[in-house]
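Text of my_file07.pdb (PDB, C-alpha atoms) as supplied:
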```pdb
MODEL        1
ATOM      1  CA  MET N   5      10.518 -49.097  -1.834
ATOM      2  CA  SER N   6      11.923 -48.211   1.578
ATOM      3  CA  GLU N   7      12.306 -44.958   3.488
ATOM      4  CA  ASN N   8      16.087 -45.296   3.065
ATOM      5  CA  GLU N   9      15.724 -45.544  -0.723
ATOM      6  CA  LEU N  10      13.480 -42.480  -0.779
ATOM      7  CA  ALA N  11      15.964 -40.554   1.379
ATOM      8  CA  ALA N  12      18.774 -41.601  -0.981
ATOM      9  CA  LEU N  13      16.714 -40.344  -3.935
ATOM     10  CA  GLU N  14      16.285 -36.931  -2.317
ATOM     11  CA  ALA N  15      20.005 -36.761  -1.481
ATOM     12  CA  TRP N  16      20.866 -37.672  -5.084
ATOM     13  CA  VAL N  17      18.653 -34.906  -6.483
ATOM     14  CA  ARG N  18      20.212 -32.352  -4.127
ATOM     15  CA  ALA N  19      23.767 -33.547  -4.817
ATOM     16  CA  ASN N  20      23.223 -33.064  -8.546
ATOM     17  CA  GLY N  21      22.027 -29.481  -8.311
ATOM     18  CA  GLY N  22      18.340 -29.962  -7.613
ATOM     19  CA  THR N  23      16.269 -28.026  -5.110
ATOM     20  CA  VAL N  24      13.898 -29.802  -2.759
ATOM     21  CA  GLY N  25      11.526 -27.412  -1.026
ATOM     22  CA  PRO N  26       9.106 -28.136   1.830
ATOM     23  CA  VAL N  27       8.350 -31.673   0.649
ATOM     24  CA  ARG N  28       9.653 -35.085   1.598
ATOM     25  CA  ALA N  29       9.278 -38.494  -0.015
ATOM     26  CA  ARG N  30       7.444 -40.945   2.208
ATOM     27  CA  ALA N  31       6.601 -44.639   1.944
ATOM     28  CA  ARG N  32       3.008 -45.162   3.051
ATOM     29  CA  ALA N  33       1.674 -48.704   2.865
ATOM     30  CA  ALA N  34      -2.000 -47.737   2.945
ATOM     31  CA  ARG N  35      -1.865 -44.846   0.464
ATOM     32  CA  GLY N  36       1.160 -45.576  -1.661
ATOM     33  CA  HIS N  37       4.473 -43.784  -1.927
ATOM     34  CA  GLY N  38       4.615 -40.089  -2.631
ATOM     35  CA  LEU N  39       5.662 -36.604  -1.625
ATOM     36  CA  VAL N  40       4.136 -34.929   1.405
ATOM     37  CA  THR N  41       4.493 -31.350   2.552
ATOM     38  CA  THR N  42       6.427 -30.617   5.728
ATOM     39  CA  ARG N  43       4.523 -27.390   6.397
ATOM     40  CA  ALA N  44       1.764 -25.262   4.939
ATOM     41  CA  VAL N  45       2.747 -24.052   1.468
ATOM     42  CA  ARG N  46       1.760 -20.953  -0.477
ATOM     43  CA  VAL N  47      -0.013 -21.043  -3.804
ATOM     44  CA  GLY N  48       2.664 -20.743  -6.473
ATOM     45  CA  GLU N  49       5.498 -21.789  -4.155
ATOM     46  CA  LEU N  50       8.238 -23.826  -5.801
ATOM     47  CA  LEU N  51       8.376 -27.262  -4.236
ATOM     48  CA  LEU N  52      10.854 -29.058  -6.465
ATOM     49  CA  ARG N  53      13.442 -28.204  -9.095
ATOM     50  CA  VAL N  54      15.123 -31.061 -10.941
ATOM     51  CA  PRO N  55      18.095 -30.448 -13.272
ATOM     52  CA  ALA N  56      17.466 -31.467 -16.861
ATOM     53  CA  ALA N  57      20.454 -33.824 -16.721
ATOM     54  CA  LEU N  58      18.550 -36.003 -14.246
ATOM     55  CA  ILE N  59      15.407 -36.198 -16.367
ATOM     56  CA  LEU N  60      14.855 -39.050 -18.807
ATOM     57  CA  THR N  61      12.993 -37.660 -21.824
ATOM     58  CA  ASP N  62      12.118 -39.027 -25.229
ATOM     59  CA  GLU N  63      14.491 -36.405 -26.638
ATOM     60  CA  SER N  64      17.465 -37.500 -24.523
ATOM     61  CA  ALA N  65      16.638 -41.159 -25.180
ATOM     62  CA  SER N  66      16.518 -40.450 -28.911
ATOM     63  CA  ARG N  67      19.912 -38.695 -28.869
ATOM     64  CA  SER N  68      21.725 -41.489 -27.028
ATOM     65  CA  PRO N  69      23.783 -44.022 -29.041
ATOM     66  CA  LEU N  70      21.171 -46.669 -28.221
ATOM     67  CA  GLY N  71      18.328 -44.387 -29.285
ATOM     68  CA  ARG N  72      19.995 -43.362 -32.544
ATOM     69  CA  ALA N  73      20.675 -46.983 -33.452
ATOM     70  CA  LEU N  74      17.125 -48.006 -32.571
ATOM     71  CA  ARG N  75      15.564 -45.184 -34.603
ATOM     72  CA  ALA N  76      17.725 -46.095 -37.589
ATOM     73  CA  ALA N  77      16.593 -49.725 -37.408
ATOM     74  CA  LEU N  78      12.972 -48.921 -36.530
ATOM     75  CA  PRO N  79      11.908 -45.460 -37.781
ATOM     76  CA  SER N  80       8.385 -46.101 -36.477
ATOM     77  CA  ALA N  81       9.604 -46.228 -32.861
ATOM     78  CA  THR N  82       7.397 -43.902 -30.822
ATOM     79  CA  PRO N  83       8.603 -41.471 -28.133
ATOM     80  CA  ALA N  84       7.119 -43.746 -25.462
ATOM     81  CA  GLU N  85       8.939 -46.769 -26.905
ATOM     82  CA  LEU N  86      12.249 -44.893 -26.928
ATOM     83  CA  VAL N  87      11.808 -43.986 -23.261
ATOM     84  CA  CYS N  88      10.812 -47.588 -22.476
ATOM     85  CA  ALA N  89      13.954 -48.880 -24.179
ATOM     86  CA  ALA N  90      16.115 -46.401 -22.275
ATOM     87  CA  LEU N  91      14.449 -47.334 -18.981
ATOM     88  CA  VAL N  92      15.000 -51.075 -19.490
ATOM     89  CA  HIS N  93      18.608 -50.409 -20.503
ATOM     90  CA  GLU N  94      19.292 -48.370 -17.365
ATOM     91  CA  ARG N  95      17.703 -51.090 -15.254
ATOM     92  CA  GLN N  96      20.063 -53.592 -16.868
ATOM     93  CA  LEU N  97      23.033 -51.493 -15.758
ATOM     94  CA  GLY N  98      21.937 -51.765 -12.122
ATOM     95  CA  ASP N  99      24.128 -49.811  -9.706
ATOM     96  CA  ALA N 100      26.273 -48.644 -12.637
ATOM     97  CA  SER N 101      23.362 -46.618 -14.011
ATOM     98  CA  ALA N 102      23.512 -42.854 -13.546
ATOM     99  CA  TRP N 103      19.854 -43.122 -12.453
ATOM    100  CA  ALA N 104      20.396 -45.960  -9.951
ATOM    101  CA  ALA N 105      19.156 -43.942  -6.953
ATOM    102  CA  TRP N 106      15.933 -43.103  -8.779
ATOM    103  CA  LEU N 107      15.422 -46.534 -10.365
ATOM    104  CA  ARG N 108      15.312 -48.148  -6.929
ATOM    105  CA  THR N 109      12.136 -46.149  -6.268
ATOM    106  CA  VAL N 110      10.394 -46.996  -9.559
ATOM    107  CA  PRO N 111       8.069 -50.016  -9.228
ATOM    108  CA  THR N 112       8.714 -53.026 -11.435
ATOM    109  CA  GLU N 113       5.308 -54.643 -10.889
ATOM    110  CA  TYR N 114       2.034 -53.045 -12.005
ATOM    111  CA  GLU N 115      -1.661 -53.892 -11.934
ATOM    112  CA  SER N 116      -2.443 -52.058 -15.173
ATOM    113  CA  ALA N 117      -4.274 -53.833 -18.005
ATOM    114  CA  PRO N 118      -1.154 -54.501 -20.152
ATOM    115  CA  ALA N 119       0.255 -56.558 -17.267
ATOM    116  CA  TRP N 120      -2.876 -58.648 -16.701
ATOM    117  CA  GLY N 121      -2.472 -62.388 -17.095
ATOM    118  CA  THR N 122      -4.892 -65.186 -17.928
ATOM    119  CA  SER N 123      -6.449 -65.316 -14.453
ATOM    120  CA  GLU N 124      -7.272 -61.594 -14.452
ATOM    121  CA  LEU N 125      -8.665 -61.743 -17.974
ATOM    122  CA  GLU N 126     -10.858 -64.730 -17.160
ATOM    123  CA  LEU N 127     -12.466 -62.765 -14.335
ATOM    124  CA  LEU N 128     -13.583 -60.162 -16.873
ATOM    125  CA  GLY N 129     -15.667 -62.757 -18.710
ATOM    126  CA  ALA N 130     -17.947 -63.431 -15.765
ATOM    127  CA  ASP N 131     -20.768 -61.200 -17.018
ATOM    128  CA  ALA N 132     -22.027 -59.287 -20.054
ATOM    129  CA  LEU N 133     -20.144 -56.136 -19.087
ATOM    130  CA  GLY N 134     -16.831 -57.901 -18.565
ATOM    131  CA  THR N 135     -16.730 -59.835 -21.831
ATOM    132  CA  PRO N 136     -16.301 -56.831 -24.195
ATOM    133  CA  LEU N 137     -13.758 -55.310 -21.805
ATOM    134  CA  ARG N 138     -11.767 -58.542 -21.857
ATOM    135  CA  ALA N 139     -11.803 -58.493 -25.656
ATOM    136  CA  ARG N 140     -10.556 -54.909 -25.659
ATOM    137  CA  VAL N 141      -7.735 -55.657 -23.207
ATOM    138  CA  ARG N 142      -6.683 -58.692 -25.233
ATOM    139  CA  ALA N 143      -6.641 -56.611 -28.415
ATOM    140  CA  GLU N 144      -4.511 -53.933 -26.752
ATOM    141  CA  GLN N 145      -2.143 -56.554 -25.367
ATOM    142  CA  ALA N 146      -1.843 -58.145 -28.820
ATOM    143  CA  ALA N 147      -0.968 -54.777 -30.369
ATOM    144  CA  LEU N 148       1.593 -54.170 -27.628
ATOM    145  CA  ARG N 149       3.118 -57.603 -28.204
ATOM    146  CA  GLU N 150       3.533 -56.755 -31.888
ATOM    147  CA  ARG N 151       5.475 -53.628 -30.927
ATOM    148  CA  HIS N 152       7.555 -55.655 -28.480
ATOM    149  CA  VAL N 153       8.482 -58.126 -31.220
ATOM    150  CA  ALA N 154       9.297 -55.272 -33.611
ATOM    151  CA  LEU N 155      11.508 -53.563 -31.040
ATOM    152  CA  ARG N 156      13.462 -56.728 -30.266
ATOM    153  CA  ALA N 157      13.947 -57.466 -33.967
ATOM    154  CA  ALA N 158      15.160 -53.916 -34.575
ATOM    155  CA  LEU N 159      17.567 -54.090 -31.646
ATOM    156  CA  HIS N 160      19.090 -57.289 -33.018
ATOM    157  CA  ALA N 161      19.440 -55.663 -36.450
ATOM    158  CA  THR N 162      21.385 -52.585 -35.320
ATOM    159  CA  HIS N 163      25.037 -52.008 -36.141
ATOM    160  CA  GLY N 164      27.693 -49.365 -35.629
ATOM    161  CA  ASP N 165      27.641 -46.925 -32.705
ATOM    162  CA  GLY N 166      25.181 -48.134 -30.092
ATOM    163  CA  ALA N 167      24.969 -51.690 -31.454
ATOM    164  CA  ALA N 168      26.520 -53.248 -28.343
ATOM    165  CA  ALA N 169      24.012 -51.522 -26.066
ATOM    166  CA  CYS N 170      21.192 -52.549 -28.398
ATOM    167  CA  ALA N 171      22.307 -56.190 -28.371
ATOM    168  CA  LEU N 172      22.430 -56.169 -24.571
ATOM    169  CA  LEU N 173      18.993 -54.578 -24.426
ATOM    170  CA  ALA N 174      17.538 -57.060 -26.930
ATOM    171  CA  ASP N 175      18.639 -59.970 -24.743
ATOM    172  CA  GLY N 176      17.027 -58.434 -21.667
ATOM    173  CA  LEU N 177      13.900 -57.011 -23.275
ATOM    174  CA  CYS N 178      11.594 -59.878 -22.400
ATOM    175  CA  TRP N 179       7.843 -59.319 -22.404
ATOM    176  CA  ARG N 180       7.735 -58.798 -18.636
ATOM    177  CA  ALA N 181      10.518 -56.192 -18.695
ATOM    178  CA  PHE N 182       8.896 -54.384 -21.617
ATOM    179  CA  VAL N 183       5.450 -54.281 -19.986
ATOM    180  CA  SER N 184       6.967 -53.084 -16.712
ATOM    181  CA  ALA N 185       8.708 -50.207 -18.500
ATOM    182  CA  TRP N 186       5.584 -49.458 -20.556
ATOM    183  CA  CYS N 187       3.449 -49.196 -17.418
ATOM    184  CA  ALA N 188       6.080 -47.058 -15.686
ATOM    185  CA  VAL N 189       6.205 -44.605 -18.586
ATOM    186  CA  HIS N 190       2.440 -44.369 -19.005
ATOM    187  CA  SER N 191       1.719 -43.986 -15.298
ATOM    188  CA  ARG N 192       4.631 -41.766 -14.237
ATOM    189  CA  ALA N 193       5.777 -39.692 -17.227
ATOM    190  CA  ALA N 194       4.916 -36.010 -17.520
ATOM    191  CA  SER N 195       4.084 -34.210 -20.745
ATOM    192  CA  ILE N 196       6.521 -31.377 -21.459
ATOM    193  CA  GLY N 197       6.150 -28.503 -23.878
ATOM    194  CA  ARG N 198       8.900 -27.648 -26.343
ATOM    195  CA  GLY N 199       7.739 -24.297 -27.618
ATOM    196  CA  ALA N 200       5.340 -23.066 -30.267
ATOM    197  CA  GLY N 201       4.883 -25.362 -33.229
ATOM    198  CA  LYS N 202       6.601 -28.313 -31.582
ATOM    199  CA  ALA N 203       4.995 -31.493 -30.313
ATOM    200  CA  SER N 204       4.957 -32.134 -26.583
ATOM    201  CA  GLY N 205       7.402 -34.671 -25.240
ATOM    202  CA  LEU N 206       7.551 -37.248 -22.475
ATOM    203  CA  ALA N 207       9.663 -36.912 -19.353
ATOM    204  CA  LEU N 208      10.332 -39.165 -16.393
ATOM    205  CA  VAL N 209      11.222 -36.726 -13.615
ATOM    206  CA  PRO N 210      12.934 -38.218 -10.546
ATOM    207  CA  MET N 211      11.000 -37.183  -7.406
ATOM    208  CA  GLY N 212       8.576 -35.292  -9.629
ATOM    209  CA  ASP N 213       6.964 -38.645 -10.398
ATOM    210  CA  LEU N 214       6.042 -38.933  -6.706
ATOM    211  CA  PHE N 215       3.606 -36.012  -6.650
ATOM    212  CA  ASN N 216       0.196 -37.451  -5.789
ATOM    213  CA  HIS N 217      -2.093 -34.448  -5.486
ATOM    214  CA  ARG N 218      -5.802 -34.903  -5.026
ATOM    215  CA  PRO N 219      -7.914 -35.327  -8.201
ATOM    216  CA  GLY N 220      -9.048 -32.005  -9.589
ATOM    217  CA  ALA N 221      -6.528 -29.940  -7.628
ATOM    218  CA  PRO N 222      -5.181 -26.917  -9.550
ATOM    219  CA  THR N 223      -1.579 -27.863 -10.239
ATOM    220  CA  SER N 224       1.171 -26.615 -12.492
ATOM    221  CA  ALA N 225       4.375 -28.187 -13.761
ATOM    222  CA  SER N 226       6.759 -26.600 -16.246
ATOM    223  CA  TYR N 227       9.858 -27.611 -18.154
ATOM    224  CA  VAL N 228      12.132 -24.608 -18.579
ATOM    225  CA  ARG N 229      15.219 -24.462 -20.761
ATOM    226  CA  SER N 230      17.133 -21.958 -18.671
ATOM    227  CA  GLU N 231      20.812 -21.120 -18.865
ATOM    228  CA  CYS N 232      21.541 -23.740 -16.230
ATOM    229  CA  GLY N 233      19.506 -26.300 -18.156
ATOM    230  CA  CYS N 234      17.095 -27.072 -15.335
ATOM    231  CA  ALA N 235      13.568 -28.359 -15.313
ATOM    232  CA  TYR N 236      11.210 -26.839 -12.796
ATOM    233  CA  VAL N 237       8.314 -28.730 -11.326
ATOM    234  CA  GLY N 238       6.037 -26.529  -9.243
ATOM    235  CA  ILE N 239       2.755 -27.498  -7.636
ATOM    236  CA  VAL N 240       0.509 -24.514  -7.018
ATOM    237  CA  SER N 241      -1.838 -26.013  -4.462
ATOM    238  CA  VAL N 242      -1.392 -27.747  -1.136
ATOM    239  CA  LEU N 243      -0.749 -31.435  -1.646
ATOM    240  CA  HIS N 244      -3.322 -33.928  -0.438
ATOM    241  CA  VAL N 245      -1.410 -35.537   2.455
TER     242      VAL N 245
ENDMDL
END
```
Would you mind writing the file's structure down as structure tokens?
Amino acid sequence: MSENELAALEAWVRANGGTVGPVRARARAARGHGLVTTRAVRVGELLLRVPAALILTDESASRSPLGRALRAALPSATPAELVCAALVHERQLGDASAWAAWLRTVPTEYESAPAWGTSELELLGADALGTPLRARVRAEQAALRERHVALRAALHATHGDGAAACALLADGLCWRAFVSAWCAVHSRAASIGRGAGKASGLALVPMGDLFNHRPGAPTSASYVRSECGCAYVGIVSVLHV
């Protein structure tokens, strides 16, 4: 991820109706990529507003032709799996994706347990503490592989509206691509409320996924269905920069 790609992301958010306050995206080799403040900020000050149209949610993924076809073929598909499928599909589209500017800033390689290979797992068996952890990681990876197989089978079995997109996705949904999307969703997605009596949803918020506040800092993010259909992400404490 380069400074130019981060600048292009900010320009894309602004060009599509978003508001970027006193924050800027920065690439920092030692501390990772994230948003930093450009000046002192007040508690409760709005730092970022991202239009709902730019946000990839489980709801929007479910409503798409691909999502509808996938849910019909695999009713057990979870919200996270629907977002993963949508993310891999958009990555397949490359520069033609509506989210291309954001996707260039989303990592494709992760060091999370689902992505660990044989060499990493063998290191866990070096002592009594590591052995049970290795067994747990292997069990979780096995369960994830079962879901990967189920998703690919369902994508191949779809028909009607969305079938072409599903077939394309099935061909590109290799284990590596699936794990990459899975790690992206579980490390970058925000939980959004949908009102009383409704389950919370998942949302990948461009630029919002770059907030890296210090652990324990009092923060607040909200998803608001306003007349202009915008999502508001506000951090109510000074970022750790």
Quiz item: So which residues fall inside 9 Å of (24.2, -49.9, -32.2) if we count only C-alpha atoms? Mind giving them as a ChimeraX atom specification?
Solution: /N:69-74,159,161-171
Could you make a table, as JSON lines, of the residues of stretch 65-92 of chain N that have an atom within 12 Å of an atom of stretch 105-111 of chain N, each with its nearest atom pair and distance in Å to one decimal, counting all atoms listed in the file, in chain and number order?
```
{"residue": "N:Ala90", "atom": "CA", "partner": "N:Leu107", "partner_atom": "CA", "distance": 11.9}
{"residue": "N:Leu91", "atom": "CA", "partner": "N:Leu107", "partner_atom": "CA", "distance": 8.7}
{"residue": "N:Val92", "atom": "CA", "partner": "N:Leu107", "partner_atom": "CA", "distance": 10.2}
```
Quiz item: Hey, can you check how far atom CA of N:Arg18 sits from atom CA of N:Leu52?
Solution: 10.2 Å
Can you sort out the box for stretch 134-146 of chain N, edges along x, y and z, all listed atoms in, 3 Å on every side, with centre and edge lengths in Å to one decimal, as JSON?
```
{"center_x": -9.3, "center_y": -56.9, "center_z": -23.7, "size_x": 21.0, "size_y": 11.9, "size_z": 16.3}
```
Quiz item: Taking only C-alpha atoms into account, which of N:Phe182, N:Arg43, N:Glu9, N:Arg28 comes nearest N:Glu113?
Solution: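 Of N:Phe182, N:Arg43, N:Glu9, N:Arg28, the one nearest N:Glu113 is N:Phe182, counting only C-alpha atoms.
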Quiz prompt | atom CA of N:His160 to atom CA of N:Gly205, straight-line distance in Å | solution = 26.6 Å
Practice problem: Name the closest residue to N:Leu13 among the candidates N:Val47, N:Ala207, N:Ala104, N:Ile59; distances are taken between atoms, counting only C-alpha atoms. | Solution: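 Answer, going by the shortest atom-to-atom distance: N:Ala104.
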Self-check item: Output check: residues returned by the PyMOL selection byres ((chain N and resi 181) around 10), as a list in words
Solution: Cys88, Ala89, Leu91, Val92, Arg95, Thr112, Glu113, Gly176, Leu177, Cys178, Trp179, Arg180, Phe182, Val183, Ser184, Ala185 and Trp186 of chain N
Exercise. Name the residues captured by the PyMOL selection byres ((chain N and resi 195) around 6) when it is applied to the shown file; answer as a ChimeraX atom specification.
Key: /N:194,196,205-206
Self-check item: Given only C-alpha atoms as the counted atoms, nearest of N:Ser6, N:Asn20, N:Thr41, N:Gln96 to N:Phe215
Solution: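 Nearest candidate to N:Phe215 out of N:Ser6, N:Asn20, N:Thr41, N:Gln96: N:Thr41.
Minimum distance to N:Leu155 across N:Glu115, N:Glu63, N:Asp175, N:Asp99 (counting all atoms listed in the file) occurs at N:Asp175.
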Exercise. Figure out the distance between atom CA of N:Ser80 and atom CA of N:Ser68, please, to one decimal in Å.
Key: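 For atom CA of N:Ser68 relative to atom CA of N:Ser80, the distance reads 17.0 Å.
Proximity to N:Trp120 at 10 Å, evaluated using only C-alpha atoms and with sequence-adjacent residues fewer than 6 positions away removed, yields N:Tyr114, N:Val141, N:Arg142, N:Gln145, N:Val183.
Considering the residues N:Ala158, N:Ala76, N:Leu172, N:Val54 and counting all atoms listed in the file, N:Glu14 has its shortest atom-to-atom contact with N:Val54.
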Quiz prompt | Which of N:Val45, N:Glu85, N:Arg138, N:Pro55 sits closest to N:Thr23 [using only C-alpha atoms] | solution =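 Smallest distance to N:Thr23 is found for N:Pro55.
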Quiz item: Is there a way to get, as a PyMOL selection string, all residues within 6 Å of the point (9.0, -42.6, -15.1) in file coordinates, counting all atoms listed in the file?
Solution: chain N and resi 188-189+192-193+208
